[in-house]
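One structure is given here, and the rest of the page talks about it.
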Number of protein chains: 2
Amino acid sequence: MSERVQIVEVGPRDGLQARKEPIATAARIGLVEHLRRAGAGRIEVGSFVSPKAVPRMADTAEVMAATGSRQRDGDMVLVANERGLDQAIEHGARSVAVFTAASDAFAEKNIGCTVAESLDRFRPLIEKAKDSGLFVRGYVSTITDCPYAGRIAPAPVADVSRALKEMGCGEISLGETLGKATPARIAAVVEAVAEHVPLAELAAHFHDTYGMGIANVAEALRLGIRTVDAAAGGLGGCPFAPGAAGNVATEDVLYLLQGDGYECDIAMEPLLDAVAFIEREMGIRPTSRVYKALRGGAC
Amino acid sequence: MSERVQIVEVGPRDGLQARKEPIATAARIGLVEHLRRAGAGRIEVGSFVSPKAVPRMADTAEVMAATGSRQRDGDMVLVANERGLDQAIEHGARSVAVFTAASDAFAEKNIGCTVAESLDRFRPLIEKAKDSGLFVRGYVSTITDCPYAGRIAPAPVADVSRALKEMGCGEISLGETLGKATPARIAAVVEAVAEHVPLAELAAHFHDTYGMGIANVAEALRLGIRTVDAAAGGLGGCPFAPGAAGNVATEDVLYLLQGDGYECDIAMEPLLDAVAFIEREMGIRPTSRVYKALRGGAC
C-alpha cells in the first residue's frame with residue numbers, strides 16, 4: 001500500500017481554459033508557483049492552440065517563462081497541430097499532450113474532426129515531438145459517456161488508446177468528461193484499455209458532476225492505475241459538455257491518497273494555499289469538500 | 001451485480017435532530033410522505049428521547065400517526081432508555097434503534113455514559129423490545145475517528161458490535177461519524193466486525209465531510225455490505241462532532257447503486273422531489289452533487 005501515486009495537476013490548463021472571464025497572466029503564474037511550492041511534480045501549464053478559440057491560454061509562453069518550465073520535465077502543454085507543437089518546442093516544453101475522444105460526435109464539436117481524422121493529424125505531430133525529445137501524452141475523452149452520442153462502449157476507447165500508444169504516446173489519460181460514470185463502468189473501460197496499454201502508462205481523468213469522482217479514482221487505483229489527473233479547487237468544466245462539473249479536486253484526491261497510505265509528491269497545506277489563492281486572487285469558487293473541511297472555504 | 005441494496009433513509013431523524021431552528025411537524029410529515037412516495041422501504045422517522053435534549057424530535061408520535069408508521073415494519077425510531085421504548089411501543093413502532101459508540105469519550109458526551117455502561121443499559125431494553133416483537137438496530141458511532149479521542153482501532157468497534165448482536169440487535173449500523181476515513185480504513189474496520197457479525201446484518205453509515213462518503217459506500221458494497229444509511233439532500237451533522245458534514249446524500253448513494261447495477265426500492269425522480277421539498281419547505285440547503293446536476297439545486 002505504500003506505493004507512489006502521481007498526480008498530474010491540470011488546473012492551470014484544463015481547469016482554466018474554458019472560463020468566460022479573462023484571467024490575469026500574473027494569476028496563472030501565481031497558481032503555477034503555488035502548485036510548485038506544494039510539490040506538484042507534473043503540471044499542465046497551458047496550451048498552444050488558437051488564441052481565438054481559447055483566449056485564456058494565449059499567455060502560455062509567458063507563464064512557462066516566468067515559472068521555469070524550460071527546466072522541468074514534468075511541465076506539460078497541450079497542442080492541437082504542428083504550429084502549436086513548434087511553439088511548444090520554441091518555448092522549451094519537454095512534454096506535450098494531444099487531445100481526442102472516443103466519440104466522433106464529441107471530437108467533431110471539440111476539435112472539428114472525427115476521431116480517425118484526429119489520429120491521422122496526430123501521427124506526424126507525435127513523430128516530430130518524439131524526434132525533438134519530447135514526452136507525449138494522449139488524452140482520450142468521453143470514455144464512458146458523450147453529451148451528443150450517449151453511452152460509449154469500452155471497445156472504441158481501447159481502440160483509440162492503442163492507436164495513440166502505437167503512434168508514440170508515453171501516457172494515455174482516460175477522460176470521463178461528463179462525470180456520469182460509476183465505478184463499475186470505469187472498471188469495464190479500464191480493463192478493456194489495459195489489454196493494449198500497460199496500467200503504468202494510463203492516467204485517470206475524472207470529473208465530479210454527480211459526486212462519483214473520488215469513488216472512481218479509488219476504483220482506478222484499485223485496478224492498478226497510479227497516475228491521476230486533478231485540478232486544485234476542482235477547477236474545470238468543459239464548454240462542449242454542458243452541465244459537466246470541474247475536475248476532481250486535487251485536495252480531495254490527495255486526501256484519499258494519504259488516507260489510503262499512498263505516497264505522493266504533493267503536500268496538503270501548501271496545496272490548500274494554492275486553493276485559497278484560486279478563491280482569493282482569481283475569484284473562482286472552489287468546489288472541494290476537503291478545502292471546506294480544512295479551511296472553511298466555499299463549497 | 002444485480003443484487004439488491006437496501007437504503008435506510010435516516011433524514012427525518014438523524015438528518016434533522018440536531019438542527020437549531022424549529023421544524024414544523026407538517027414539514028417532517030411531508031418529508032416522510034415524500035420518501036414513501038419515492039419507494040423508501042426503511043425510514044428512521046424519529047426518536048423517543050428527552051424533548052429537552054432533542055426538541056426537534058418531540059413530535060415523533062404525531063409524525064408516526066400521520067404517516068401510518070404503525071403498519072410499517074420498515075419504520076424505525078431511536079430510543080435511549082426504557083421510557084423511550086415504552087413510548088415507541090405505545091405508538092406502534094415495529095423497529096427501534098439504540099445508539100452507542102466505539103469511543104468512551106464520544107459516548108460520554110453524546111449519551112452521558114461509557115460504552116460499557118451504555119451496553120449495560122441496553123441489555124434489558126433490547127430484551128424488552130424483542131419480547132414485544134420489535135426489530136432492534138444498534139448504532140455504533142465513531143468507528144474510525146472520534147472528535148475527542150482521535151483515531152479508533154477496529155478492535156473496540158468489533159467488540160461493541162458483537163456485544164450488541166449478542167444482546168439481540170438484528171442489525172448493526174457502523175457509523176463513521178466524522179467523515180474522515182478513506183476506503184482502506186473502512187475496509188479494516190468492516191473486516192474486523194464481520195468476524196463477529198454477518199455482513200448481511202451490517203449497515204454502512206457514512207458522512208461526507210471530506211468528500212469520501214461515496215467512495216466509502218462503494219468500498220462497503222465491495223466488501224459485501226448490502227444496507228446503506230443515507231439522508232435525502234445530505235441532511236445531517238452532529239452537535240457532538242464539530243465540523244462534521246451531513247450524512248451521505250440518498251440521491252448520491254442511489255446514483256451509485258443504479259450506475260453499478262444494484263437494485264434498490266427507491267426511485268430517483270420522486271426522491272429528488274423529496275430533496276426539493278427539503279430545500280423549499282424546510283429551507284435547508286441540499287449538499288448533494290446529484291441534486292445539483294439533475295435539478296440545478298443548491299451545492
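Residues in the C-alpha cells are numbered from 1 in each chain, the chains being A, B, ... in the order shown, and ligands are numbered from 1 in the order shown.
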Show which residues sit within 10 Å of stretch 105-107 of chain B, as an MDAnalysis selection string. Count only C-alpha atoms, and ignore same-chain residues fewer than 4 positions away. chainID B and resid 99:101 111:118 140:142 145:150 240:241
Selection from above, C-alpha atoms, as a CSV table (one decimal), in the first residue's frame, can you write it?
```
chain,number,residue,atom,x,y,z
B,99,PHE,CA,-27.2,4.4,19.9
B,100,THR,CA,-23.7,3.9,21.3
B,101,ALA,CA,-20.1,4.4,20.1
B,111,ILE,CA,-25.3,9.8,25.8
B,112,GLY,CA,-23.7,10.6,29.1
B,113,CYS,CA,-22.1,7.2,29.9
B,114,THR,CA,-19.2,5.0,28.9
B,115,VAL,CA,-19.7,2.4,26.1
B,116,ALA,CA,-19.7,-0.4,28.6
B,117,GLU,CA,-22.4,1.4,30.7
B,118,SER,CA,-24.4,2.0,27.5
B,140,VAL,CA,-22.1,2.1,16.7
B,141,SER,CA,-20.7,5.5,16.0
B,142,THR,CA,-17.1,6.8,15.7
B,145,ASP,CA,-12.3,8.5,14.4
B,146,CYS,CA,-13.6,10.3,17.5
B,147,PRO,CA,-13.6,14.1,17.8
B,148,TYR,CA,-12.2,13.7,21.4
B,149,ALA,CA,-10.1,10.6,21.4
B,150,GLY,CA,-8.7,10.7,17.8
B,240,PHE,CA,-21.1,16.4,19.3
B,241,ALA,CA,-18.9,16.2,16.2
```
Residue neighbourhood A:Ala155, 10 Å, only C-alpha atoms, exclusion window fewer than 5 positions, as a ChimeraX atom specification: /A:102,143,160-161,188-189,192-193
Can you write out the residues you just picked, keeping all heavy atoms, as an mmCIF file, in the first residue's frame?
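Output file out_39.cif is given in full below:
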```cif
data_model
loop_
_atom_site.group_PDB
_atom_site.id
_atom_site.type_symbol
_atom_site.label_atom_id
_atom_site.label_comp_id
_atom_site.auth_asym_id
_atom_site.auth_seq_id
_atom_site.Cartn_x
_atom_site.Cartn_y
_atom_site.Cartn_z
ATOM 1 N N ALA A 102 -13.240 9.374 -27.582
ATOM 2 C CA ALA A 102 -13.707 8.059 -28.021
ATOM 3 C C ALA A 102 -14.989 8.184 -28.828
ATOM 4 O O ALA A 102 -15.493 7.204 -29.367
ATOM 5 C CB ALA A 102 -13.937 7.151 -26.813
ATOM 6 N N ILE A 143 -14.848 8.731 -22.248
ATOM 7 C CA ILE A 143 -14.574 7.284 -22.217
ATOM 8 C C ILE A 143 -15.780 6.442 -21.807
ATOM 9 O O ILE A 143 -15.776 5.231 -22.013
ATOM 10 C CB ILE A 143 -13.384 6.936 -21.285
ATOM 11 C CG1 ILE A 143 -13.682 7.348 -19.833
ATOM 12 C CG2 ILE A 143 -12.083 7.539 -21.794
ATOM 13 C CD1 ILE A 143 -12.730 6.727 -18.824
ATOM 14 N N VAL A 160 -8.807 3.657 -29.675
ATOM 15 C CA VAL A 160 -8.108 4.938 -29.840
ATOM 16 C C VAL A 160 -6.909 5.004 -28.894
ATOM 17 O O VAL A 160 -5.855 5.553 -29.246
ATOM 18 C CB VAL A 160 -9.082 6.138 -29.684
ATOM 19 C CG1 VAL A 160 -9.635 6.243 -28.293
ATOM 20 C CG2 VAL A 160 -8.404 7.446 -30.058
ATOM 21 N N SER A 161 -7.013 4.386 -27.720
ATOM 22 C CA SER A 161 -5.884 4.380 -26.786
ATOM 23 C C SER A 161 -4.715 3.596 -27.384
ATOM 24 O O SER A 161 -3.556 4.034 -27.323
ATOM 25 C CB SER A 161 -6.303 3.744 -25.448
ATOM 26 O OG SER A 161 -7.351 4.477 -24.848
ATOM 27 N N ALA A 188 -14.872 -1.409 -16.288
ATOM 28 C CA ALA A 188 -15.025 -2.051 -17.595
ATOM 29 C C ALA A 188 -14.134 -1.396 -18.646
ATOM 30 O O ALA A 188 -13.461 -2.087 -19.427
ATOM 31 C CB ALA A 188 -16.500 -1.999 -18.029
ATOM 32 N N VAL A 189 -14.088 -0.074 -18.645
ATOM 33 C CA VAL A 189 -13.311 0.590 -19.694
ATOM 34 C C VAL A 189 -11.812 0.495 -19.403
ATOM 35 O O VAL A 189 -11.002 0.281 -20.316
ATOM 36 C CB VAL A 189 -13.794 2.046 -19.921
ATOM 37 C CG1 VAL A 189 -13.552 2.930 -18.731
ATOM 38 C CG2 VAL A 189 -13.147 2.642 -21.164
ATOM 39 N N ALA A 192 -10.645 -2.877 -20.450
ATOM 40 C CA ALA A 192 -10.557 -3.009 -21.910
ATOM 41 C C ALA A 192 -9.300 -2.327 -22.445
ATOM 42 O O ALA A 192 -8.591 -2.871 -23.301
ATOM 43 C CB ALA A 192 -11.808 -2.422 -22.562
ATOM 44 N N VAL A 193 -9.023 -1.133 -21.928
ATOM 45 C CA VAL A 193 -7.843 -0.398 -22.415
ATOM 46 C C VAL A 193 -6.559 -1.104 -21.981
ATOM 47 O O VAL A 193 -5.586 -1.181 -22.749
ATOM 48 C CB VAL A 193 -7.870 1.056 -21.891
ATOM 49 C CG1 VAL A 193 -6.581 1.783 -22.261
ATOM 50 C CG2 VAL A 193 -9.081 1.809 -22.448
#
```
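Closest approach to A:Asp229 among A:Tyr291, A:Phe277, A:Tyr255, A:Tyr139 is made by A:Tyr139 (distances from only C-alpha atoms).
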Select residues of chain A: the criterion is any atom within 7 Å of an atom of chain B, counting only C-alpha atoms; output as a list in words.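 Going by the stated atoms only, the list reads Ala181, Thr182, Pro183, Ala184, Thr209, Tyr210, Gly211, Met212, Ile214, Ala215, Ala218, Asp252, Leu256, Gly259, Asp260, Arg289, Val290, Ala293 and Cys299 of chain A.
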All alpha helix (DSSP H) residues (DSSP, backbone) inside stretch 99-264 of chain A, as a tab-separated table (two decimals) with N, CA and C atoms, in the first residue's frame:
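Saved as states.tsv:
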```tsv
chain	number	residue	atom	x	y	z
A	104	ASP	N	-16.94	10.20	-31.96
A	104	ASP	CA	-16.83	11.09	-33.11
A	104	ASP	C	-17.60	12.39	-32.90
A	105	ALA	N	-18.80	12.26	-32.34
A	105	ALA	CA	-19.64	13.46	-32.18
A	105	ALA	C	-18.94	14.49	-31.29
A	106	PHE	N	-18.30	14.00	-30.22
A	106	PHE	CA	-17.61	14.92	-29.32
A	106	PHE	C	-16.37	15.50	-29.99
A	107	ALA	N	-15.62	14.65	-30.69
A	107	ALA	CA	-14.42	15.13	-31.37
A	107	ALA	C	-14.78	16.20	-32.40
A	108	GLU	N	-15.86	15.97	-33.13
A	108	GLU	CA	-16.26	16.97	-34.15
A	108	GLU	C	-16.55	18.32	-33.51
A	109	LYS	N	-17.27	18.31	-32.37
A	109	LYS	CA	-17.60	19.57	-31.71
A	109	LYS	C	-16.35	20.23	-31.13
A	110	ASN	N	-15.46	19.41	-30.58
A	110	ASN	CA	-14.37	19.93	-29.77
A	110	ASN	C	-13.14	20.25	-30.59
A	111	ILE	N	-12.79	19.37	-31.53
A	111	ILE	CA	-11.58	19.61	-32.30
A	111	ILE	C	-11.85	19.62	-33.81
A	115	VAL	N	-12.68	11.14	-34.84
A	115	VAL	CA	-11.59	10.55	-34.07
A	115	VAL	C	-10.49	10.05	-35.00
A	116	ALA	N	-10.92	9.35	-36.06
A	116	ALA	CA	-9.93	8.81	-37.01
A	116	ALA	C	-9.12	9.93	-37.64
A	117	GLU	N	-9.80	11.01	-38.02
A	117	GLU	CA	-9.08	12.15	-38.60
A	117	GLU	C	-8.11	12.76	-37.60
A	118	SER	N	-8.52	12.80	-36.33
A	118	SER	CA	-7.61	13.36	-35.32
A	118	SER	C	-6.36	12.50	-35.19
A	119	LEU	N	-6.53	11.20	-35.29
A	119	LEU	CA	-5.36	10.32	-35.21
A	119	LEU	C	-4.44	10.54	-36.41
A	120	ASP	N	-5.04	10.71	-37.58
A	120	ASP	CA	-4.22	10.99	-38.77
A	120	ASP	C	-3.44	12.28	-38.60
A	121	ARG	N	-4.09	13.25	-38.00
A	121	ARG	CA	-3.45	14.54	-37.78
A	121	ARG	C	-2.31	14.42	-36.75
A	122	PHE	N	-2.54	13.55	-35.74
A	122	PHE	CA	-1.55	13.46	-34.65
A	122	PHE	C	-0.32	12.64	-35.04
A	123	ARG	N	-0.47	11.74	-36.01
A	123	ARG	CA	0.64	10.82	-36.31
A	123	ARG	C	1.94	11.57	-36.61
A	124	PRO	N	1.94	12.49	-37.59
A	124	PRO	CA	3.20	13.21	-37.84
A	124	PRO	C	3.59	14.14	-36.68
A	125	LEU	N	2.58	14.63	-36.00
A	125	LEU	CA	2.83	15.54	-34.88
A	125	LEU	C	3.60	14.82	-33.78
A	126	ILE	N	3.10	13.64	-33.41
A	126	ILE	CA	3.74	12.87	-32.34
A	126	ILE	C	5.15	12.45	-32.77
A	127	GLU	N	5.27	12.10	-34.04
A	127	GLU	CA	6.59	11.71	-34.54
A	127	GLU	C	7.58	12.87	-34.39
A	128	LYS	N	7.14	14.04	-34.78
A	128	LYS	CA	8.02	15.22	-34.68
A	128	LYS	C	8.35	15.53	-33.22
A	129	ALA	N	7.34	15.42	-32.38
A	129	ALA	CA	7.57	15.69	-30.95
A	129	ALA	C	8.60	14.71	-30.39
A	130	LYS	N	8.43	13.44	-30.72
A	130	LYS	CA	9.36	12.43	-30.22
A	130	LYS	C	10.77	12.67	-30.78
A	131	ASP	N	10.82	13.03	-32.07
A	131	ASP	CA	12.13	13.32	-32.66
A	131	ASP	C	12.82	14.48	-31.95
A	154	PRO	N	-16.67	0.33	-24.16
A	154	PRO	CA	-15.22	0.28	-23.92
A	154	PRO	C	-14.39	0.06	-25.19
A	155	ALA	N	-14.93	-0.66	-26.19
A	155	ALA	CA	-14.10	-1.01	-27.35
A	155	ALA	C	-13.51	0.19	-28.09
A	156	PRO	N	-14.31	1.21	-28.45
A	156	PRO	CA	-13.69	2.34	-29.15
A	156	PRO	C	-12.66	3.08	-28.29
A	157	VAL	N	-12.85	3.06	-26.97
A	157	VAL	CA	-11.86	3.70	-26.08
A	157	VAL	C	-10.54	2.93	-26.16
A	158	ALA	N	-10.66	1.60	-26.13
A	158	ALA	CA	-9.46	0.77	-26.24
A	158	ALA	C	-8.78	0.99	-27.59
A	159	ASP	N	-9.59	1.09	-28.65
A	159	ASP	CA	-9.02	1.27	-29.99
A	159	ASP	C	-8.21	2.56	-30.11
A	160	VAL	N	-8.81	3.66	-29.67
A	160	VAL	CA	-8.11	4.94	-29.84
A	160	VAL	C	-6.91	5.00	-28.89
A	161	SER	N	-7.01	4.39	-27.72
A	161	SER	CA	-5.88	4.38	-26.79
A	161	SER	C	-4.71	3.60	-27.38
A	162	ARG	N	-5.04	2.45	-27.95
A	162	ARG	CA	-3.99	1.64	-28.57
A	162	ARG	C	-3.34	2.39	-29.72
A	163	ALA	N	-4.17	3.05	-30.53
A	163	ALA	CA	-3.61	3.80	-31.67
A	163	ALA	C	-2.65	4.88	-31.18
A	164	LEU	N	-3.04	5.59	-30.13
A	164	LEU	CA	-2.18	6.66	-29.61
A	164	LEU	C	-0.87	6.09	-29.07
A	165	LYS	N	-0.99	4.96	-28.38
A	165	LYS	CA	0.23	4.32	-27.86
A	165	LYS	C	1.15	3.92	-29.03
A	166	GLU	N	0.55	3.31	-30.04
A	166	GLU	CA	1.36	2.86	-31.17
A	166	GLU	C	2.03	4.02	-31.90
A	167	MET	N	1.39	5.18	-31.87
A	167	MET	CA	1.98	6.36	-32.50
A	167	MET	C	3.10	6.96	-31.66
A	183	PRO	N	-18.24	3.42	-10.52
A	183	PRO	CA	-17.03	2.58	-10.58
A	183	PRO	C	-17.13	1.36	-11.50
A	184	ALA	N	-18.28	0.72	-11.59
A	184	ALA	CA	-18.35	-0.50	-12.42
A	184	ALA	C	-18.05	-0.18	-13.89
A	185	ARG	N	-18.52	0.96	-14.35
A	185	ARG	CA	-18.25	1.29	-15.76
A	185	ARG	C	-16.82	1.76	-15.96
A	186	ILE	N	-16.26	2.41	-14.94
A	186	ILE	CA	-14.84	2.76	-15.01
A	186	ILE	C	-14.01	1.48	-15.10
A	187	ALA	N	-14.37	0.50	-14.29
A	187	ALA	CA	-13.62	-0.77	-14.30
A	187	ALA	C	-13.69	-1.40	-15.69
A	188	ALA	N	-14.87	-1.41	-16.29
A	188	ALA	CA	-15.03	-2.05	-17.60
A	188	ALA	C	-14.13	-1.40	-18.65
A	189	VAL	N	-14.09	-0.07	-18.64
A	189	VAL	CA	-13.31	0.59	-19.69
A	189	VAL	C	-11.81	0.50	-19.40
A	190	VAL	N	-11.43	0.61	-18.14
A	190	VAL	CA	-10.00	0.49	-17.82
A	190	VAL	C	-9.50	-0.91	-18.17
A	191	GLU	N	-10.29	-1.91	-17.85
A	191	GLU	CA	-9.87	-3.28	-18.17
A	191	GLU	C	-9.73	-3.48	-19.68
A	192	ALA	N	-10.65	-2.88	-20.45
A	192	ALA	CA	-10.56	-3.01	-21.91
A	192	ALA	C	-9.30	-2.33	-22.44
A	193	VAL	N	-9.02	-1.13	-21.93
A	193	VAL	CA	-7.84	-0.40	-22.42
A	193	VAL	C	-6.56	-1.10	-21.98
A	194	ALA	N	-6.58	-1.65	-20.75
A	194	ALA	CA	-5.36	-2.25	-20.20
A	194	ALA	C	-4.93	-3.50	-20.97
A	213	GLY	N	-16.62	11.28	-8.53
A	213	GLY	CA	-15.21	11.45	-8.90
A	213	GLY	C	-14.24	10.68	-8.02
A	214	ILE	N	-14.38	10.85	-6.71
A	214	ILE	CA	-13.42	10.21	-5.79
A	214	ILE	C	-13.62	8.70	-5.76
A	215	ALA	N	-14.87	8.25	-5.80
A	215	ALA	CA	-15.12	6.81	-5.85
A	215	ALA	C	-14.51	6.22	-7.12
A	216	ASN	N	-14.58	6.95	-8.22
A	216	ASN	CA	-13.99	6.46	-9.47
A	216	ASN	C	-12.47	6.47	-9.41
A	217	VAL	N	-11.90	7.48	-8.77
A	217	VAL	CA	-10.44	7.48	-8.58
A	217	VAL	C	-10.03	6.28	-7.73
A	218	ALA	N	-10.77	6.02	-6.65
A	218	ALA	CA	-10.47	4.87	-5.79
A	218	ALA	C	-10.53	3.58	-6.60
A	219	GLU	N	-11.50	3.49	-7.49
A	219	GLU	CA	-11.62	2.29	-8.33
A	219	GLU	C	-10.43	2.19	-9.29
A	220	ALA	N	-10.04	3.29	-9.88
A	220	ALA	CA	-8.88	3.28	-10.79
A	220	ALA	C	-7.63	2.82	-10.05
A	221	LEU	N	-7.46	3.29	-8.82
A	221	LEU	CA	-6.30	2.87	-8.01
A	221	LEU	C	-6.38	1.38	-7.72
A	222	ARG	N	-7.58	0.92	-7.38
A	222	ARG	CA	-7.77	-0.50	-7.09
A	222	ARG	C	-7.41	-1.35	-8.30
A	223	LEU	N	-7.68	-0.82	-9.49
A	223	LEU	CA	-7.38	-1.55	-10.72
A	223	LEU	C	-5.90	-1.49	-11.07
A	250	THR	N	-7.79	18.36	-6.63
A	250	THR	CA	-6.51	17.78	-6.23
A	250	THR	C	-6.48	17.50	-4.73
A	251	GLU	N	-7.05	18.40	-3.94
A	251	GLU	CA	-7.01	18.22	-2.48
A	251	GLU	C	-7.87	17.04	-2.04
A	252	ASP	N	-8.97	16.77	-2.75
A	252	ASP	CA	-9.77	15.59	-2.42
A	252	ASP	C	-9.02	14.31	-2.80
A	253	VAL	N	-8.39	14.33	-3.97
A	253	VAL	CA	-7.61	13.16	-4.39
A	253	VAL	C	-6.45	12.92	-3.42
A	254	LEU	N	-5.77	14.01	-3.05
A	254	LEU	CA	-4.64	13.88	-2.12
A	254	LEU	C	-5.11	13.32	-0.77
A	255	TYR	N	-6.26	13.79	-0.32
A	255	TYR	CA	-6.81	13.28	0.95
A	255	TYR	C	-7.04	11.77	0.86
A	256	LEU	N	-7.62	11.35	-0.25
A	256	LEU	CA	-7.83	9.91	-0.48
A	256	LEU	C	-6.50	9.16	-0.47
A	257	LEU	N	-5.52	9.69	-1.20
A	257	LEU	CA	-4.23	9.00	-1.30
A	257	LEU	C	-3.56	8.90	0.07
A	258	GLN	N	-3.55	10.01	0.79
A	258	GLN	CA	-2.89	9.99	2.11
A	258	GLN	C	-3.62	9.05	3.06
A	259	GLY	N	-4.94	9.09	3.02
A	259	GLY	CA	-5.71	8.23	3.91
A	259	GLY	C	-5.52	6.75	3.61
```
Determine which residues of stretch 87-134 of chain B DSSP labels as strand (DSSP E or B) from the backbone of this structure, then write them out as a PDB file with C-alpha atoms, in the first residue's frame.
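New file selection27.pdb:
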```
ATOM      1  CA  SER B  95     -38.461  -1.310  14.822  1.00  0.00           C
ATOM      2  CA  VAL B  96     -36.324   0.598  17.277  1.00  0.00           C
ATOM      3  CA  ALA B  97     -32.689   1.631  17.327  1.00  0.00           C
ATOM      4  CA  VAL B  98     -30.253   2.164  20.175  1.00  0.00           C
ATOM      5  CA  PHE B  99     -27.181   4.351  19.878  1.00  0.00           C
ATOM      6  CA  THR B 100     -23.709   3.936  21.280  1.00  0.00           C
ATOM      7  CA  ALA B 101     -20.124   4.418  20.125  1.00  0.00           C
TER       8      ALA B 101
END
```
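Interatomic distance, atom CA of B:Val49 to atom CA of B:Gly84: 5.8 Å.
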Near A:Leu271, counting only C-alpha atoms, which residues have an atom at most 8 Å away, once you skip same-chain residues fewer than 6 positions from it, shown as number ranges by chain? A: 34-35, 38, 232, 251
Which residue of A:Gly11, A:Gly175, A:Gly138, A:Gly237 approaches A:Glu201 most closely, using only C-alpha atoms: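 Comparing A:Gly11, A:Gly175, A:Gly138, A:Gly237 against A:Glu201, the winner is A:Gly138.
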Distance query A:Ile7 at most 10 Å, only C-alpha atoms, self and fewer than 4 positions along chain excluded, as JSON, numbers by chain: {"A": [40, 41, 42, 43, 203, 204, 226, 227, 228, 229, 230, 231, 250, 253, 254, 257, 264, 265, 266]}
State, in Å with one decimal place, the distance from atom CA of A:Gly246 to atom CA of B:Phe206.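 Distance between the two atoms: 24.1 Å.
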Please measure the separation of atom CA of A:Ser132 and atom CA of A:Leu78, giving the value in Å to one decimal.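 So the answer is 15.8 Å.
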Stretch 87-89 of chain B: which residues within 12 Å, counting only C-alpha atoms, same-chain residues fewer than 4 positions away excluded, as an NGL selection string? :B and (45-50 or 58 or 60-62 or 64-65 or 69-70 or 75-83 or 93-97 or 125 or 128-136)
